[in-house]
>>> print(open('start_19.txt').read())   # compact mmCIF, C-alpha atoms and all ligand atoms
# COMPACT_ATOMS: atom_id res chain seq x y z
CA MET B 15 103.49 129.18 87.47
CA ILE B 16 106.89 127.65 86.79
CA THR B 17 109.67 130.00 87.67
CA ARG B 18 112.59 127.62 87.36
CA LYS B 19 112.75 124.48 85.26
CA PRO B 20 114.13 121.42 87.01
CA LYS B 21 117.30 119.92 85.57
CA GLY B 22 117.10 117.57 82.58
CA ASN B 23 118.16 114.47 84.49
CA VAL B 24 115.48 115.13 87.12
CA ARG B 25 112.85 115.44 84.41
CA ARG B 26 113.99 112.27 82.63
CA ALA B 27 113.84 110.44 85.96
CA MET B 28 110.29 111.70 86.53
CA LEU B 29 109.22 110.38 83.12
CA SER B 30 110.89 107.05 83.74
CA ASP B 31 109.26 106.76 87.19
CA MET B 32 105.83 107.58 85.76
CA ILE B 33 106.30 104.89 83.11
CA PHE B 34 107.29 102.39 85.78
CA ILE B 35 104.35 103.23 88.07
CA ARG B 36 101.93 102.88 85.15
CA ALA B 37 103.45 99.51 84.15
CA PHE B 38 103.23 98.26 87.75
CA GLU B 39 99.59 99.28 88.06
CA ASP B 40 98.59 98.08 84.57
CA ARG B 41 99.91 94.67 85.58
CA LEU B 42 97.87 94.84 88.79
CA ALA B 43 94.80 95.61 86.67
CA GLU B 44 95.49 92.51 84.56
CA LEU B 45 95.95 90.34 87.63
CA ALA B 46 92.83 91.78 89.27
CA ALA B 47 90.83 90.66 86.24
CA GLN B 48 92.00 87.07 86.73
CA LYS B 49 90.23 84.86 89.21
CA ASP B 50 92.10 84.46 92.53
CA ALA B 51 95.31 86.15 91.30
CA LEU B 52 95.10 88.96 93.88
CA PRO B 53 93.27 89.21 97.19
CA GLY B 54 91.03 92.17 98.03
CA MET B 55 90.26 95.37 96.16
CA GLN B 56 92.74 96.91 93.74
CA ILE B 57 92.71 100.69 93.74
CA LEU B 58 94.94 102.26 91.09
CA ALA B 59 96.07 105.80 90.43
CA THR B 60 96.19 105.61 86.64
CA GLY B 61 96.48 109.16 85.26
CA GLN B 62 97.74 110.58 88.56
CA GLU B 63 101.39 109.55 88.24
CA ALA B 64 102.64 113.13 87.78
CA VAL B 65 101.45 114.04 91.29
CA ALA B 66 103.41 111.15 92.79
CA VAL B 67 106.70 111.86 91.03
CA GLY B 68 106.48 115.64 91.38
CA VAL B 69 105.70 115.68 95.10
CA ILE B 70 108.11 112.90 95.99
CA GLY B 71 110.79 114.57 93.88
CA SER B 72 110.59 117.60 96.17
CA LEU B 73 111.44 115.63 99.32
CA ASN B 74 114.57 114.68 101.23
CA PRO B 75 115.23 111.10 102.35
CA ASP B 76 114.42 111.97 106.00
CA ASP B 77 110.98 113.34 105.19
CA VAL B 78 107.97 111.24 106.10
CA ILE B 79 105.11 110.44 103.75
CA ILE B 80 101.60 109.27 104.57
CA SER B 81 99.19 108.19 101.89
CA ASN B 82 95.71 106.85 101.33
CA HIS B 83 94.13 103.92 99.49
CA ARG B 84 95.56 105.08 96.13
CA SER B 85 99.18 104.79 97.22
CA HIS B 86 101.25 102.55 94.92
CA GLY B 87 102.60 105.46 92.87
CA HIS B 88 103.60 107.43 95.96
CA LEU B 89 105.45 104.44 97.40
CA LEU B 90 107.20 103.45 94.17
CA ALA B 91 108.25 107.04 93.45
CA ARG B 92 109.62 107.17 96.97
CA GLY B 93 111.80 104.15 96.19
CA ALA B 94 109.89 101.25 97.74
CA ASP B 95 111.19 97.91 96.49
CA PRO B 96 108.80 96.70 93.75
CA ASN B 97 109.33 93.03 94.67
CA THR B 98 108.31 93.29 98.30
CA LEU B 99 105.56 95.79 97.47
CA MET B 100 104.10 93.42 94.86
CA ALA B 101 104.42 90.49 97.29
CA GLU B 102 102.52 92.49 99.91
CA ILE B 103 99.75 93.35 97.45
CA MET B 104 99.57 89.60 96.75
CA GLY B 105 99.36 88.91 100.50
CA ARG B 106 102.61 86.94 100.61
CA ALA B 107 104.91 86.41 103.60
CA THR B 108 107.82 88.10 101.76
CA GLY B 109 105.77 91.29 101.44
CA VAL B 110 106.87 94.55 102.95
CA ASN B 111 104.46 93.93 105.84
CA ARG B 112 104.73 90.12 105.76
CA GLY B 113 101.44 89.81 103.92
CA LYS B 114 99.40 91.34 106.73
CA SER B 115 98.62 94.73 105.15
CA GLY B 116 97.66 93.93 101.59
CA THR B 117 97.35 96.83 99.18
CA LEU B 118 95.34 99.21 101.37
CA HIS B 119 97.30 99.62 104.62
CA LEU B 120 100.92 99.62 103.59
CA ILE B 121 103.89 100.69 105.67
CA VAL B 122 107.36 100.97 104.13
CA PRO B 123 109.75 102.11 106.88
CA GLU B 124 112.83 101.92 104.63
CA VAL B 125 111.56 104.92 102.67
CA ASN B 126 109.85 106.69 105.60
CA ALA B 127 106.38 105.82 104.36
CA LEU B 128 104.73 105.80 107.75
CA MET B 129 101.38 104.44 106.64
CA THR B 130 98.72 104.32 103.99
CA SER B 131 95.09 103.95 104.97
CA THR B 132 91.83 103.32 103.22
CA VAL B 133 89.96 105.05 106.04
CA VAL B 134 89.13 108.26 104.18
CA GLY B 135 90.56 111.24 106.05
CA ALA B 136 92.68 109.10 108.40
CA GLY B 137 96.01 110.28 107.02
CA PRO B 138 96.03 113.97 107.98
CA PRO B 139 95.60 113.44 111.78
CA MET B 140 98.35 110.80 111.67
CA ALA B 141 100.54 113.19 109.69
CA LEU B 142 99.89 115.81 112.34
CA GLY B 143 101.44 113.46 114.90
CA ALA B 144 104.45 112.75 112.69
CA ALA B 145 105.00 116.48 112.04
CA PHE B 146 104.60 117.23 115.74
CA ALA B 147 107.34 114.69 116.52
CA GLN B 148 109.61 116.27 113.90
CA GLN B 149 109.08 119.72 115.38
CA TYR B 150 109.47 118.48 118.96
CA LYS B 151 112.75 116.71 118.13
CA GLU B 152 113.90 119.79 116.19
CA GLU B 153 114.46 117.75 113.06
CA GLU B 154 114.83 119.32 109.64
CA ALA B 155 112.46 116.78 108.13
CA ILE B 156 108.88 117.48 107.15
CA THR B 157 105.79 115.29 106.68
CA VAL B 158 103.75 115.10 103.51
CA VAL B 159 100.25 113.69 103.51
CA PHE B 160 98.35 112.75 100.35
CA PHE B 161 94.55 112.73 100.47
CA GLY B 162 91.72 112.97 97.97
CA ASP B 163 89.13 115.58 97.07
CA GLY B 164 86.54 113.42 98.84
CA ALA B 165 88.67 113.25 101.97
CA ALA B 166 89.01 117.04 101.91
CA ALA B 167 85.44 117.24 103.24
CA GLU B 168 86.15 115.02 106.27
CA GLY B 169 86.17 116.70 109.68
CA SER B 170 89.45 114.99 110.54
CA VAL B 171 91.18 116.79 107.66
CA HIS B 172 89.93 120.21 108.78
CA GLU B 173 90.91 119.50 112.38
CA ALA B 174 94.39 118.46 111.27
CA MET B 175 94.79 121.62 109.19
CA ASN B 176 93.66 123.82 112.05
CA LEU B 177 96.00 122.26 114.62
CA ALA B 178 98.93 122.12 112.19
CA ALA B 179 98.51 125.84 111.57
CA ILE B 180 98.15 126.72 115.27
CA TRP B 181 101.28 124.74 116.12
CA LYS B 182 103.13 125.79 112.94
CA LEU B 183 103.98 122.18 112.13
CA PRO B 184 106.20 121.18 109.18
CA LEU B 185 103.33 119.50 107.33
CA LEU B 186 102.57 119.67 103.61
CA PHE B 187 98.97 118.73 102.82
CA VAL B 188 98.66 117.42 99.25
CA CYS B 189 95.09 117.16 98.05
CA GLU B 190 95.07 114.96 94.97
CA ASN B 191 91.89 116.17 93.31
CA ASN B 192 91.02 113.48 90.76
CA CYS B 193 87.47 114.81 90.24
CA TRP B 194 85.85 111.77 91.87
CA ALA B 195 85.12 110.37 95.30
CA GLY B 196 83.92 106.87 94.53
CA ALA B 197 81.00 107.40 92.14
CA GLN B 198 80.40 110.99 93.25
CA SER B 199 81.70 113.73 91.01
CA LEU B 200 83.48 116.76 92.40
CA ALA B 201 80.45 118.99 91.74
CA GLU B 202 78.26 116.59 93.74
CA HIS B 203 80.43 116.40 96.82
CA CYS B 204 82.40 119.65 97.02
CA ALA B 205 80.88 123.07 97.71
CA ILE B 206 83.81 125.07 96.34
CA GLY B 207 85.65 125.00 93.03
CA VAL B 208 89.20 125.29 94.31
CA ILE B 209 90.10 123.24 97.38
CA ALA B 210 93.46 125.03 97.66
CA SER B 211 91.55 128.20 98.59
CA ARG B 212 90.80 126.57 101.96
CA GLY B 213 94.43 127.24 102.90
CA SER B 214 93.53 130.82 103.79
CA ALA B 215 90.88 129.53 106.23
CA TYR B 216 93.75 128.02 108.22
CA ASN B 217 96.24 130.80 107.66
CA MET B 218 98.49 128.70 105.46
CA PRO B 219 99.53 129.03 101.81
CA GLY B 220 97.17 127.19 99.47
CA GLU B 221 98.25 126.60 95.87
CA LEU B 222 96.53 124.94 92.94
CA VAL B 223 98.68 123.12 90.39
CA ASP B 224 98.09 121.18 87.19
CA GLY B 225 98.44 117.67 88.60
CA ASN B 226 99.14 116.27 85.12
CA ASN B 227 102.26 118.39 84.76
CA PRO B 228 105.17 116.93 86.78
CA ASP B 229 107.32 120.04 86.33
CA GLU B 230 104.66 122.25 87.88
CA VAL B 231 103.95 119.78 90.70
CA LEU B 232 107.68 119.51 91.49
CA GLU B 233 108.26 123.25 91.43
CA THR B 234 105.32 124.08 93.69
CA ALA B 235 105.87 121.16 96.06
CA THR B 236 109.54 122.14 96.40
CA ARG B 237 108.60 125.71 97.26
CA LEU B 238 105.90 124.70 99.75
CA ALA B 239 108.13 122.04 101.31
CA ALA B 240 110.77 124.75 101.84
CA HIS B 241 108.13 126.89 103.57
CA CYS B 242 107.30 123.98 105.92
CA ARG B 243 111.00 123.18 106.48
CA ALA B 244 111.76 126.80 107.40
CA GLY B 245 109.44 126.60 110.42
CA ARG B 246 106.79 128.78 108.83
CA GLY B 247 104.04 126.25 109.41
CA PRO B 248 102.01 123.97 107.15
CA ALA B 249 100.98 124.45 103.53
CA LEU B 250 98.28 123.08 101.25
CA MET B 251 98.78 122.08 97.65
CA GLU B 252 95.90 120.94 95.45
CA ALA B 253 96.97 118.91 92.43
CA PHE B 254 94.14 118.91 89.91
CA THR B 255 94.10 115.68 87.92
CA TYR B 256 91.73 112.91 86.86
CA ARG B 257 91.10 109.29 87.83
CA LEU B 258 91.32 107.50 84.47
CA ARG B 259 90.03 104.13 85.76
CA GLY B 260 87.15 103.24 88.06
CA HIS B 261 87.37 103.80 91.80
CA GLY B 262 88.71 100.26 92.04
CA GLU B 263 89.08 97.48 89.51
CA HIS B 264 85.55 96.25 90.35
CA ASP B 265 84.14 99.59 89.12
CA HIS B 266 83.52 99.95 85.39
CA GLN B 267 82.80 103.71 85.45
CA HIS B 268 79.24 103.38 84.07
CA TYR B 269 78.49 106.77 85.70
CA VAL B 270 81.33 108.63 83.93
CA ASP B 271 80.55 110.79 80.90
CA PRO B 272 82.52 109.14 78.03
CA GLU B 273 83.34 112.53 76.50
CA GLU B 274 84.82 113.78 79.76
CA LEU B 275 86.87 110.60 80.10
CA ALA B 276 88.12 110.88 76.51
CA LEU B 277 89.09 114.49 77.12
CA TRP B 278 91.20 113.53 80.14
CA LYS B 279 92.71 110.53 78.36
CA GLY B 280 93.99 113.10 75.88
CA LYS B 281 95.77 114.79 78.79
CA ASP B 282 97.36 111.55 80.04
CA PRO B 283 100.53 112.78 81.80
CA LEU B 284 102.67 109.95 80.42
CA THR B 285 101.89 110.90 76.84
CA THR B 286 101.98 114.66 77.30
CA TYR B 287 105.20 114.66 79.31
CA GLY B 288 106.86 112.15 76.97
CA THR B 289 105.96 114.36 74.00
CA LYS B 290 107.15 117.49 75.81
CA LEU B 291 110.54 116.03 76.70
CA THR B 292 110.93 114.63 73.19
CA GLU B 293 110.16 118.01 71.63
CA GLU B 294 112.65 119.67 73.95
CA GLY B 295 115.27 117.12 72.87
CA LEU B 296 115.73 115.74 76.38
CA VAL B 297 114.72 112.20 75.35
CA THR B 298 114.25 110.35 72.10
CA LEU B 299 111.44 107.95 71.19
CA GLN B 300 114.00 105.16 71.57
CA ASP B 301 114.76 106.35 75.11
CA ILE B 302 111.05 106.14 75.96
CA GLN B 303 110.83 102.66 74.45
CA SER B 304 113.82 101.57 76.54
CA MET B 305 112.17 103.00 79.68
CA GLU B 306 108.99 101.05 78.84
CA MET B 307 110.90 97.81 78.20
CA GLU B 308 112.88 98.16 81.41
CA ALA B 309 109.67 98.90 83.35
CA ALA B 310 107.97 95.81 81.91
CA ARG B 311 111.00 93.65 82.78
CA ARG B 312 111.15 94.99 86.33
CA VAL B 313 107.41 94.51 86.86
CA GLU B 314 107.60 90.89 85.66
CA GLU B 315 110.45 90.30 88.11
CA ALA B 316 108.23 91.65 90.90
CA VAL B 317 105.28 89.50 89.83
CA ALA B 318 107.47 86.38 89.68
CA PHE B 319 108.88 87.21 93.13
CA GLY B 320 105.39 87.60 94.58
CA GLN B 321 103.92 84.55 92.89
CA SER B 322 106.78 82.30 94.00
CA SER B 323 106.52 83.50 97.63
CA PRO B 324 104.58 81.60 100.31
CA PHE B 325 101.50 82.91 102.07
CA PRO B 326 101.98 83.72 105.77
CA LYS B 327 101.30 80.86 108.16
CA PRO B 328 98.07 81.15 110.21
CA GLU B 329 100.04 80.74 113.45
CA GLU B 330 102.02 83.92 112.58
CA ALA B 331 98.86 86.05 112.40
CA LEU B 332 99.49 87.87 115.69
CA GLU B 333 103.25 88.33 115.24
CA HIS B 334 104.60 91.81 114.39
CA VAL B 335 101.23 93.38 115.03
CA TRP B 336 101.96 95.14 118.33
CA VAL B 337 105.19 96.74 119.51
CA ASN B 338 106.32 95.30 122.84
CA SER B 339 103.18 93.26 123.27
CA PRO B 340 103.23 90.80 126.18
CA ARG B 341 103.10 88.09 123.52
CA ASP B 342 106.38 89.30 121.92
CA ARG B 343 108.07 89.44 125.33
CA GLN B 344 107.20 85.84 126.14
C1 LIG J 1 85.74 107.08 106.64
C2 LIG J 1 85.42 106.44 105.32
N1 LIG J 1 84.29 106.78 104.67
C3 LIG J 1 84.01 106.20 103.47
C4 LIG J 1 84.83 105.24 102.93
C5 LIG J 1 84.52 104.62 101.58
N2 LIG J 1 85.38 105.20 100.57
C6 LIG J 1 86.54 104.64 100.22
S1 LIG J 1 87.38 105.54 99.10
C7 LIG J 1 86.16 106.69 99.04
C8 LIG J 1 86.27 107.89 98.12
C9 LIG J 1 87.39 108.76 98.51
O1 LIG J 1 87.52 109.80 97.57
P1 LIG J 1 88.80 110.69 97.54
O2 LIG J 1 89.16 111.11 98.91
O3 LIG J 1 88.56 111.75 96.54
O4 LIG J 1 89.97 109.71 97.06
P2 LIG J 1 90.08 108.94 95.65
O5 LIG J 1 89.42 107.61 95.86
O6 LIG J 1 89.40 109.73 94.63
O7 LIG J 1 91.54 108.81 95.42
C10 LIG J 1 85.14 106.37 99.91
C11 LIG J 1 83.92 107.20 100.10
C12 LIG J 1 85.99 104.91 103.67
N3 LIG J 1 86.87 104.02 103.19
N4 LIG J 1 86.29 105.52 104.84
MG MG J 2 89.09 111.78 94.56
>>> encode(input="start_19.txt", output="structure tokens", more="lines below")
Ligand SMILES: Cc1ncc(C[n+]2csc(CCOP(=O)(O)OP(=O)(O)O)c2C)c(N)n1
Ligand SMILES: [Mg+2]
Amino acid sequence: MITRKPKGNVRRAMLSDMIFIRAFEDRLAELAAQKDALPGMQILATGQEAVAVGVIGSLNPDDVIISNHRSHGHLLARGADPNTLMAEIMGRATGVNRGKSGTLHLIVPEVNALMTSTVVGAGPPMALGAAFAQQYKEEEAITVVFFGDGAAAEGSVHEAMNLAAIWKLPLLFVCENNCWAGAQSLAEHCAIGVIASRGSAYNMPGELVDGNNPDEVLETATRLAAHCRAGRGPALMEAFTYRLRGHGEHDHQHYVDPEELALWKGKDPLTTYGTKLTEEGLVTLQDIQSMEMEAARRVEEAVAFGQSSPFPKPEEALEHVWVNSPRDRQ
């Protein structure tokens, strides 16, 4: 329940960020459909943008984020440079990880994005380590880890929740429940209806939010982040949303009920939030058009940057892989 509405400029910024994330990922979808334009799988978070902007909006610059395979929105909302992110997704040497990570294992130190991983359930134990370091060094910062409804069933996630609660770590678990884990529906892979209710099993707050409503995500994430920051231990937030595209761009959703998909397309957070802010007089239709035009321009700049960048040289393959490796010291 929203108790306090965020300020107008914050809400306009969330809308603008959602529009930008969607434009960035729509362009990736186009490129993925072209032969040889992008290497590897493309996994997009279309429809889930409100979770990214709401959670990231609750954080301070020092906070650490860890994400999974569906990470572009989290990283862009956090302020990752679209040019070097796009170049990385294209596998280019100018990419944020010099073309060695690709889209699925990104690290963006400039914005404290410690890692993203496509190993389902890998993020929470890593986040545990980051939060332990923050507590040990008596920092004010917290760690936020994004994971899916499918990942919520992994043993590693339960172990991380248990230890985080025992040690009272400053760790916010964000379960982005998009109703699918690959081609398995929520009902097929999850024994309970509300994943947030697992918080009580680990003696931490567990709250369910409408993941298509950025205001609600921001308000709850801010409150739970404050709980973590105050030394009261971890918290769990479940953001209920929907994956509007296939698991990856190779997946044409043949197993999805068209009526269910149409229902959720009607709840597309970009449209609903744009309409809401327009009705409240915070933005005009022209403002939204300008945001869309600026997003398209910025995305094309990123694509041009990536496409004009070289691929890494084969002889550089082992550089920047290990810290202090004997090879680097030579
Ligand atoms: C340990 C592990 N098991 C299985 C996979 C294959 N896999 C990749 S994504 C995915 C579904 C994950 O679902 P969820 O956690 O809900 O995230 P979503 O894809 O819906 O964002 C699976 C099973 C994997 N990458 N790693
Ligand atoms: Mg899922």
>>> atom_distance(input="start_19.txt", atom1="atom CA of B:Val133", atom2="atom CA of B:Glu153")
28.5 Å
>>> residues_near_ligand(input="start_19.txt", ligand="ligand MG 2 (chain J)", cutoff="7 Å", atoms="all atoms listed in the file", output="list in words")
Gly162, Asp163, Gly164, Glu190, Asn191, Asn192, Cys193, Trp194 and Ala195 of chain B
>>> write_last_selection(input="start_19.txt", atoms="C-alpha atoms", output="mmCIF file, keeping the file's coordinate frame")
data_model
loop_
_atom_site.group_PDB
_atom_site.id
_atom_site.type_symbol
_atom_site.label_atom_id
_atom_site.label_comp_id
_atom_site.auth_asym_id
_atom_site.auth_seq_id
_atom_site.Cartn_x
_atom_site.Cartn_y
_atom_site.Cartn_z
ATOM 1 C CA GLY B 162 91.720 112.970 97.970
ATOM 2 C CA ASP B 163 89.130 115.580 97.070
ATOM 3 C CA GLY B 164 86.540 113.420 98.840
ATOM 4 C CA GLU B 190 95.070 114.960 94.970
ATOM 5 C CA ASN B 191 91.890 116.170 93.310
ATOM 6 C CA ASN B 192 91.020 113.480 90.760
ATOM 7 C CA CYS B 193 87.470 114.810 90.240
ATOM 8 C CA TRP B 194 85.850 111.770 91.870
ATOM 9 C CA ALA B 195 85.120 110.370 95.300
#
>>> residues_near_ligand(input="start_19.txt", ligand="ligand LIG 1 (chain J)", cutoff="10 Å", atoms="only C-alpha atoms and all ligand atoms", output="CSV table (one decimal) with C-alpha atoms, in the coordinates of the input")
chain,number,residue,atom,x,y,z
B,57,ILE,CA,92.7,100.7,93.7
B,58,LEU,CA,94.9,102.3,91.1
B,59,ALA,CA,96.1,105.8,90.4
B,62,GLN,CA,97.7,110.6,88.6
B,82,ASN,CA,95.7,106.8,101.3
B,83,HIS,CA,94.1,103.9,99.5
B,84,ARG,CA,95.6,105.1,96.1
B,85,SER,CA,99.2,104.8,97.2
B,118,LEU,CA,95.3,99.2,101.4
B,131,SER,CA,95.1,104.0,105.0
B,132,THR,CA,91.8,103.3,103.2
B,133,VAL,CA,90.0,105.0,106.0
B,134,VAL,CA,89.1,108.3,104.2
B,135,GLY,CA,90.6,111.2,106.0
B,136,ALA,CA,92.7,109.1,108.4
B,160,PHE,CA,98.4,112.8,100.4
B,161,PHE,CA,94.6,112.7,100.5
B,162,GLY,CA,91.7,113.0,98.0
B,163,ASP,CA,89.1,115.6,97.1
B,164,GLY,CA,86.5,113.4,98.8
B,165,ALA,CA,88.7,113.2,102.0
B,166,ALA,CA,89.0,117.0,101.9
B,167,ALA,CA,85.4,117.2,103.2
B,168,GLU,CA,86.2,115.0,106.3
B,170,SER,CA,89.4,115.0,110.5
B,189,CYS,CA,95.1,117.2,98.0
B,190,GLU,CA,95.1,115.0,95.0
B,191,ASN,CA,91.9,116.2,93.3
B,192,ASN,CA,91.0,113.5,90.8
B,193,CYS,CA,87.5,114.8,90.2
B,194,TRP,CA,85.8,111.8,91.9
B,195,ALA,CA,85.1,110.4,95.3
B,196,GLY,CA,83.9,106.9,94.5
B,197,ALA,CA,81.0,107.4,92.1
B,198,GLN,CA,80.4,111.0,93.2
B,199,SER,CA,81.7,113.7,91.0
B,200,LEU,CA,83.5,116.8,92.4
B,203,HIS,CA,80.4,116.4,96.8
B,256,TYR,CA,91.7,112.9,86.9
B,257,ARG,CA,91.1,109.3,87.8
B,260,GLY,CA,87.2,103.2,88.1
B,261,HIS,CA,87.4,103.8,91.8
B,262,GLY,CA,88.7,100.3,92.0
>>> residues_near_point(input="start_19.txt", point="(114.2, 108.3, 79.8)", cutoff="6 Å", atoms="all atoms listed in the file", output="PyMOL selection string")
chain B and resi 26+30+297+301-302+305
>>> atom_distance(input="start_19.txt", atom1="atom CA of B:Leu128", atom2="atom CA of B:Ala147")
12.8 Å
>>> residues_around(input="start_19.txt", residues="B:Thr236", least_positions_apart="4", cutoff="8 Å", atoms="all atoms listed in the file", output="list in words")
Val69, Ser72, Leu73, Leu232 and Ala240 of chain B
>>> write_last_selection(input="start_19.txt", atoms="C-alpha atoms", output="PDB file, in the coordinates of the input")
ATOM      1  CA  VAL B  69     105.700 115.680  95.100  1.00  0.00           C
ATOM      2  CA  SER B  72     110.590 117.600  96.170  1.00  0.00           C
ATOM      3  CA  LEU B  73     111.440 115.630  99.320  1.00  0.00           C
ATOM      4  CA  LEU B 232     107.680 119.510  91.490  1.00  0.00           C
ATOM      5  CA  ALA B 240     110.770 124.750 101.840  1.00  0.00           C
TER       6      ALA B 240
END
>>> atom_distance(input="start_19.txt", atom1="atom CA of B:Asn126", atom2="atom CA of B:Ile79")
6.3 Å
>>> closest_residue(input="start_19.txt", among="B:Asp265, B:Glu173, B:Glu308, B:Glu202", to="B:Ala43", atoms="only C-alpha atoms")
B:Asp265
>>> closest_residue(input="start_19.txt", among="B:Asn338, B:Ser322, B:Gln267, B:Thr286", to="B:Gly109", atoms="all atoms listed in the file")
B:Ser322
>>> residues_around(input="start_19.txt", residues="stretch 204-218 of chain B", least_positions_apart="3", cutoff="7 Å", atoms="all atoms listed in the file", output="list in words")
Met175, Asn176, Ala179, Leu200, Ala201, Glu221, Leu222, Pro248, Ala249, Leu250, Met251 and Glu252 of chain B
>>> residues_around(input="start_19.txt", residues="B:Gly22", least_positions_apart="6", cutoff="10 Å", atoms="only C-alpha atoms", output="list in words")
Met28, Leu291, Glu294, Gly295, Leu296 and Val297 of chain B
>>> closest_residue(input="start_19.txt", among="B:Gly245, B:Gly169, B:Gly61, B:Pro53", to="B:Gly113", atoms="only C-alpha atoms")
B:Pro53
>>> closest_residue(input="start_19.txt", among="B:Ala141, B:Val24, B:Ile33, B:Leu183", to="B:Gly71", atoms="all atoms listed in the file")
B:Val24
>>> decode(input="start_19.txt", residues="stretch 107-121 of chain B", atoms="N, CA, C and O atoms", output="PDB file, in the first residue's frame")
ATOM      1  N   ALA B 107      35.324  -4.864 -28.190  1.00  0.00           N
ATOM      2  CA  ALA B 107      36.422  -4.552 -27.264  1.00  0.00           C
ATOM      3  C   ALA B 107      36.167  -3.287 -26.446  1.00  0.00           C
ATOM      4  O   ALA B 107      36.769  -3.090 -25.397  1.00  0.00           O
ATOM      5  N   THR B 108      35.287  -2.414 -26.923  1.00  0.00           N
ATOM      6  CA  THR B 108      34.968  -1.180 -26.186  1.00  0.00           C
ATOM      7  C   THR B 108      33.875  -1.414 -25.142  1.00  0.00           C
ATOM      8  O   THR B 108      33.443  -0.483 -24.463  1.00  0.00           O
ATOM      9  N   GLY B 109      33.421  -2.646 -25.038  1.00  0.00           N
ATOM     10  CA  GLY B 109      32.336  -2.966 -24.107  1.00  0.00           C
ATOM     11  C   GLY B 109      32.768  -2.816 -22.662  1.00  0.00           C
ATOM     12  O   GLY B 109      33.959  -2.768 -22.344  1.00  0.00           O
ATOM     13  N   VAL B 110      31.803  -2.772 -21.800  1.00  0.00           N
ATOM     14  CA  VAL B 110      32.059  -2.517 -20.387  1.00  0.00           C
ATOM     15  C   VAL B 110      32.965  -3.599 -19.782  1.00  0.00           C
ATOM     16  O   VAL B 110      33.699  -3.336 -18.828  1.00  0.00           O
ATOM     17  N   ASN B 111      32.963  -4.775 -20.362  1.00  0.00           N
ATOM     18  CA  ASN B 111      33.899  -5.825 -19.931  1.00  0.00           C
ATOM     19  C   ASN B 111      34.809  -6.262 -21.085  1.00  0.00           C
ATOM     20  O   ASN B 111      35.165  -7.437 -21.206  1.00  0.00           O
ATOM     21  N   ARG B 112      35.107  -5.327 -21.967  1.00  0.00           N
ATOM     22  CA  ARG B 112      36.018  -5.530 -23.105  1.00  0.00           C
ATOM     23  C   ARG B 112      35.572  -6.661 -24.029  1.00  0.00           C
ATOM     24  O   ARG B 112      36.387  -7.351 -24.632  1.00  0.00           O
ATOM     25  N   GLY B 113      34.284  -6.899 -24.062  1.00  0.00           N
ATOM     26  CA  GLY B 113      33.735  -7.904 -24.974  1.00  0.00           C
ATOM     27  C   GLY B 113      33.874  -9.326 -24.474  1.00  0.00           C
ATOM     28  O   GLY B 113      33.609 -10.272 -25.206  1.00  0.00           O
ATOM     29  N   LYS B 114      34.226  -9.482 -23.197  1.00  0.00           N
ATOM     30  CA  LYS B 114      34.450 -10.846 -22.689  1.00  0.00           C
ATOM     31  C   LYS B 114      33.248 -11.391 -21.909  1.00  0.00           C
ATOM     32  O   LYS B 114      33.227 -12.551 -21.536  1.00  0.00           O
ATOM     33  N   SER B 115      32.272 -10.539 -21.603  1.00  0.00           N
ATOM     34  CA  SER B 115      31.123 -10.997 -20.819  1.00  0.00           C
ATOM     35  C   SER B 115      29.915 -11.288 -21.694  1.00  0.00           C
ATOM     36  O   SER B 115      29.152 -12.199 -21.406  1.00  0.00           O
ATOM     37  N   GLY B 116      29.741 -10.449 -22.737  1.00  0.00           N
ATOM     38  CA  GLY B 116      28.499 -10.559 -23.492  1.00  0.00           C
ATOM     39  C   GLY B 116      27.330 -10.125 -22.622  1.00  0.00           C
ATOM     40  O   GLY B 116      27.519  -9.527 -21.564  1.00  0.00           O
ATOM     41  N   THR B 117      26.129 -10.469 -23.052  1.00  0.00           N
ATOM     42  CA  THR B 117      24.945  -9.964 -22.357  1.00  0.00           C
ATOM     43  C   THR B 117      24.669 -10.661 -21.017  1.00  0.00           C
ATOM     44  O   THR B 117      23.990 -10.116 -20.159  1.00  0.00           O
ATOM     45  N   LEU B 118      25.188 -11.857 -20.800  1.00  0.00           N
ATOM     46  CA  LEU B 118      24.722 -12.650 -19.666  1.00  0.00           C
ATOM     47  C   LEU B 118      25.571 -12.598 -18.398  1.00  0.00           C
ATOM     48  O   LEU B 118      25.133 -13.069 -17.357  1.00  0.00           O
ATOM     49  N   HIS B 119      26.780 -12.092 -18.475  1.00  0.00           N
ATOM     50  CA  HIS B 119      27.623 -12.038 -17.267  1.00  0.00           C
ATOM     51  C   HIS B 119      28.280 -10.675 -17.156  1.00  0.00           C
ATOM     52  O   HIS B 119      29.497 -10.545 -17.208  1.00  0.00           O
ATOM     53  N   LEU B 120      27.451  -9.672 -17.007  1.00  0.00           N
ATOM     54  CA  LEU B 120      27.942  -8.289 -17.047  1.00  0.00           C
ATOM     55  C   LEU B 120      28.403  -7.809 -15.672  1.00  0.00           C
ATOM     56  O   LEU B 120      27.828  -8.175 -14.648  1.00  0.00           O
ATOM     57  N   ILE B 121      29.414  -6.972 -15.702  1.00  0.00           N
ATOM     58  CA  ILE B 121      29.885  -6.314 -14.482  1.00  0.00           C
ATOM     59  C   ILE B 121      30.060  -4.834 -14.832  1.00  0.00           C
ATOM     60  O   ILE B 121      30.702  -4.522 -15.839  1.00  0.00           O
TER      61      ILE B 121
END
